[in-house]
Amino acid sequence: MRLRNKKQTRPPLPPISIRSNSNTGGTMDISTVESLQYDFSSVKAATNNFSNENKLGRGGFGTVYKGTLEDGNQIAVKRLAWDSEQGDLEFKNEVLLVAKLQHRNLVRLLGFSVEGNERLLIYEFLPNTSLDQFIFDPAKRTLLDWEMRCSIIKGIAKGLLYLHEDSRLKIIHRDMKTSNVLLDTNMNPKIADFGMARLFKTEETEGDTTRIVGTYGYMAPEYAMHGQFSVKSDVFSFGIIVLEMVVGQKNQYFKNGDKKEDFLSFAWKSWKNGTTSDLVDPMLKEASSSLKDIIRSIHIGLLCVQEKVNDRPTMATIVLMLNSLSMALPLPTEPAFFMRCNFDPEMPLLQEYNSTTRSGGLGSSQYSVNEVTISDFVAR
Ligand SMILES: Nc1ncnc2c1ncn2[C@@H]1O[C@H](COP(=O)(O)OP(=O)(O)OP(=O)(O)O)[C@@H](O)[C@H]1O
């Protein structure tokens with residue numbers, strides 16, 4: 001059941017004109033807006049006044065709370081750290097567009113609430129939280145056997161394909177990472193935070209931007225360094241996720257016994273030396289009879305993180321590669337970031353790039369390898 005909407009308390013809003021990248025855009029009437037609009041005070045009550053006990057986590061766009069509606073239904077409420085100049089109407093336009101994107105592998109946006117400067121997004125609640133909390137946790141990781149990891153990888157790929165090609169809009173996620181993949185009760189993956197670049201009024205079409213939304217370690221170099229984003233920068237991030245799923249470690253560095261090595265460098269070195277199985281999570285190696293399939297996933301991951309943007313496959317091709325084990329795969333070329341030689345694991349990955357490629361650049365100390373979302377900075 002939906003919370004009481006604002007029909008009785010607000011003057012009617014004008015019809016909203018929907019902008020769309022496709023030809024299917026049109027004009028949406030007031031009833032559509034109102035069906036998605038939640039009453040602010042009811043959401044506040046559902047989250048117990050945005051209490052700390054209900055806090056699920058905090059990301060680059062704001063804080064997420066668990067909420068329980070009067071009828072007992074659970075929701076996740078993202079209280080946006082709103083610094084955009086975007087007006088109410090434009091915000092509502094964008095929410096309407098994003099809410100229309102519905103797919104089994106996307107977190108469902110149920111609605112929104114606006115009150116003064118407050119902006120809330122209301123999502124379906126996913127009790128198993130995010131993939132990072134499983135794959136990087138030594139105990140929980142054991143719950144993810146190869147079959148499950150493979151099905152999660154395929155689900156993420158399908159969700160991204162929908163965003164890139166199959167939805168009415170062409171959405172480039174720009175911040176794909178394991179913490180943006182939520183898991184439902186059946187461990188079906190659902191991509192979160194898609195459309196945030198739209199809502200925060202950063203440019204959404206392919207091209208150059210001076211406003212970077214993304215997380216170090218997952219960001220394609222052309223995006224991190226030059227603000228150039230495309231579906232292929234999402235493919236790069238997807239490749240990192242695939243590798244992390246197989247390796248069972250964050251992409252910061254690879255723990256090779258007592259040694260720490262740069263994640264992608266080690267992956268590439270192992271591939272070149274024909275020792276790719278060294279990368280595989282020992283837990284998978286012990287339990288699985290599908291080492292060949294696991295190595296194939298590493299192969300696909302390496303194709304996604306290739307330095308040359310055009311060499312990276314599209315999500316459509318990746319879905320095919322994942323589903324058709326007999327499909328021949330091209331040989332990967334060197335990944336991006338591989339040129340780093342003297343790897344210092346304490347040094348954030350892109351600091352080197354910042355110091356060499358950005359004049360003003362980022363305040364380096366506040367950025368870590370893959371923990372921080374950069375939601376808005378002027379790069380050049
Ligand atoms: N719909 C949801 N259901 C359950 N938990 C959620 C939901 N959405 C978010 N969370 C939890 O809240 C945490 C914070 O989410 P949020 O998307 O704000 O941050 P993030 O993904 O960690 O970072 P970023 O903003 O950089 O993407 C997530 O890690 C997840 O555990």
# chains A, B, ... in the order shown; residues from 1 in each chain; ligands from 1

call {"tool": "residues_near_ligand", "arguments": {"ligand": "ligand 1", "cutoff": "6 Å", "atoms": "only C-alpha atoms and all ligand atoms", "output": "list in words"}}
result
Leu56, Gly57, Arg58, Gly59, Gly60, Phe61, Gly62, Thr63, Val64, Ala76, Tyr123, Glu124, Phe125, Leu126, Pro127, Thr129, Ser130, Ser179, Asn180, Asp193 and Thr373 of chain A

call {"tool": "select_by_dssp", "arguments": {"residues": "region 56-281 of chain A", "states": "strand (DSSP E or B)", "output": "number ranges by chain"}}
result
A: 56-59, 62-68, 74-80, 106, 109-115, 118-124, 130, 181-183, 189-191, 207-208, 211, 214-215, 228-229, 253-256, 259-262

call {"tool": "residues_around", "arguments": {"residues": "region 42-50 of chain A", "least_positions_apart": "4", "cutoff": "8 Å", "atoms": "only C-alpha atoms", "output": "mmCIF file with N, CA and C atoms, in the first residue's frame"}}
result
data_model
loop_
_atom_site.group_PDB
_atom_site.id
_atom_site.type_symbol
_atom_site.label_atom_id
_atom_site.label_comp_id
_atom_site.auth_asym_id
_atom_site.auth_seq_id
_atom_site.Cartn_x
_atom_site.Cartn_y
_atom_site.Cartn_z
ATOM 1 N N LEU A 3 1.702 5.228 0.751
ATOM 2 C CA LEU A 3 1.362 6.231 1.756
ATOM 3 C C LEU A 3 0.383 7.238 1.189
ATOM 4 N N ARG A 4 -0.321 7.888 2.091
ATOM 5 C CA ARG A 4 -1.248 8.933 1.679
ATOM 6 C C ARG A 4 -0.483 9.929 0.819
ATOM 7 N N TYR A 38 5.091 10.565 -2.070
ATOM 8 C CA TYR A 38 4.817 10.137 -0.703
ATOM 9 C C TYR A 38 4.748 11.364 0.200
ATOM 10 N N ASN A 54 17.671 2.995 12.323
ATOM 11 C CA ASN A 54 17.127 2.621 11.009
ATOM 12 C C ASN A 54 18.088 2.914 9.869
ATOM 13 N N LYS A 55 19.251 3.425 10.208
ATOM 14 C CA LYS A 55 20.211 3.784 9.159
ATOM 15 C C LYS A 55 20.805 2.522 8.536
ATOM 16 N N TYR A 65 17.836 4.899 4.879
ATOM 17 C CA TYR A 65 17.185 4.404 6.095
ATOM 18 C C TYR A 65 16.188 3.318 5.749
ATOM 19 N N LYS A 66 16.046 2.406 6.688
ATOM 20 C CA LYS A 66 14.979 1.416 6.543
ATOM 21 C C LYS A 66 13.709 2.040 7.107
ATOM 22 N N GLY A 67 12.608 1.808 6.450
ATOM 23 C CA GLY A 67 11.343 2.348 6.953
ATOM 24 C C GLY A 67 10.273 1.267 6.936
ATOM 25 N N THR A 68 9.342 1.391 7.872
ATOM 26 C CA THR A 68 8.210 0.460 7.887
ATOM 27 C C THR A 68 6.926 1.269 7.794
ATOM 28 N N LEU A 69 6.174 1.016 6.756
ATOM 29 C CA LEU A 69 4.935 1.764 6.544
ATOM 30 C C LEU A 69 3.853 1.290 7.514
ATOM 31 N N GLU A 70 2.806 2.071 7.581
ATOM 32 C CA GLU A 70 1.710 1.740 8.503
ATOM 33 C C GLU A 70 1.166 0.335 8.275
ATOM 34 N N VAL A 77 14.649 4.286 2.314
ATOM 35 C CA VAL A 77 14.477 5.710 2.016
ATOM 36 C C VAL A 77 15.839 6.357 1.866
#

call {"tool": "closest_atom_pairs", "arguments": {"of": "region 106-185 of chain A", "to": "region 307-331 of chain A", "cutoff": "8 Å", "atoms": "only C-alpha atoms", "output": "tab-separated table"}}
result
residue	atom	partner	partner_atom	distance
A:Lys154	CA	A:Leu322	CA	6.7
A:Ala157	CA	A:Val319	CA	6.1
A:Lys158	CA	A:Val319	CA	6.7
A:Leu160	CA	A:Met315	CA	6.9
A:Leu161	CA	A:Met315	CA	5.2
A:His164	CA	A:Met315	CA	7.7

call {"tool": "residues_around", "arguments": {"residues": "Ile171 (chain A)", "least_positions_apart": "6", "cutoff": "8 Å", "atoms": "only C-alpha atoms", "output": "short mmCIF file (atom, residue, chain, number, x, y, z; two decimals) with N, CA and C atoms, in the first residue's frame"}}
result
data_model
loop_
_atom_site.label_atom_id
_atom_site.label_comp_id
_atom_site.auth_asym_id
_atom_site.auth_seq_id
_atom_site.Cartn_x
_atom_site.Cartn_y
_atom_site.Cartn_z
N LEU A 163 19.70 -1.20 -18.93
CA LEU A 163 19.95 0.25 -18.81
C LEU A 163 20.56 0.82 -20.09
N HIS A 164 21.49 0.07 -20.66
CA HIS A 164 22.21 0.59 -21.84
C HIS A 164 21.39 0.54 -23.12
N PHE A 194 20.99 3.63 -10.11
CA PHE A 194 20.99 4.02 -11.52
C PHE A 194 20.14 5.29 -11.64
N GLY A 195 20.52 6.11 -12.57
CA GLY A 195 19.73 7.34 -12.77
C GLY A 195 20.12 8.47 -11.82
N GLU A 204 23.95 13.41 -18.91
CA GLU A 204 23.61 12.00 -19.02
C GLU A 204 23.96 11.41 -20.37
#

call {"tool": "residues_around", "arguments": {"residues": "Leu284 (chain A)", "least_positions_apart": "2", "cutoff": "10 Å", "atoms": "only C-alpha atoms", "output": "VMD selection string"}}
result
chain A and resid 142 144 to 147 149 246 to 248 280 to 282 286 to 291 294

call {"tool": "write_last_selection", "arguments": {"atoms": "C-alpha atoms", "output": "mmCIF file, in the first residue's frame"}}
result
data_model
loop_
_atom_site.group_PDB
_atom_site.id
_atom_site.type_symbol
_atom_site.label_atom_id
_atom_site.label_comp_id
_atom_site.auth_asym_id
_atom_site.auth_seq_id
_atom_site.Cartn_x
_atom_site.Cartn_y
_atom_site.Cartn_z
ATOM 1 C CA THR A 142 31.552 -19.038 1.864
ATOM 2 C CA LEU A 144 28.548 -17.802 -2.376
ATOM 3 C CA ASP A 145 29.521 -20.893 -4.303
ATOM 4 C CA TRP A 146 30.446 -20.636 -7.975
ATOM 5 C CA GLU A 147 26.922 -21.322 -9.238
ATOM 6 C CA ARG A 149 28.393 -16.083 -8.085
ATOM 7 C CA VAL A 246 36.049 -14.655 -8.892
ATOM 8 C CA VAL A 247 38.983 -13.535 -6.780
ATOM 9 C CA GLY A 248 36.887 -12.834 -3.687
ATOM 10 C CA VAL A 280 40.642 -17.882 -8.216
ATOM 11 C CA ASP A 281 39.255 -17.664 -4.697
ATOM 12 C CA PRO A 282 40.704 -20.788 -2.979
ATOM 13 C CA GLU A 286 38.327 -26.438 -3.486
ATOM 14 C CA ALA A 287 34.614 -26.787 -3.922
ATOM 15 C CA SER A 288 33.993 -26.372 -7.587
ATOM 16 C CA SER A 289 34.277 -28.671 -10.499
ATOM 17 C CA SER A 290 33.871 -25.791 -12.914
ATOM 18 C CA LEU A 291 37.353 -24.302 -12.966
ATOM 19 C CA ILE A 294 35.584 -19.755 -13.677
#
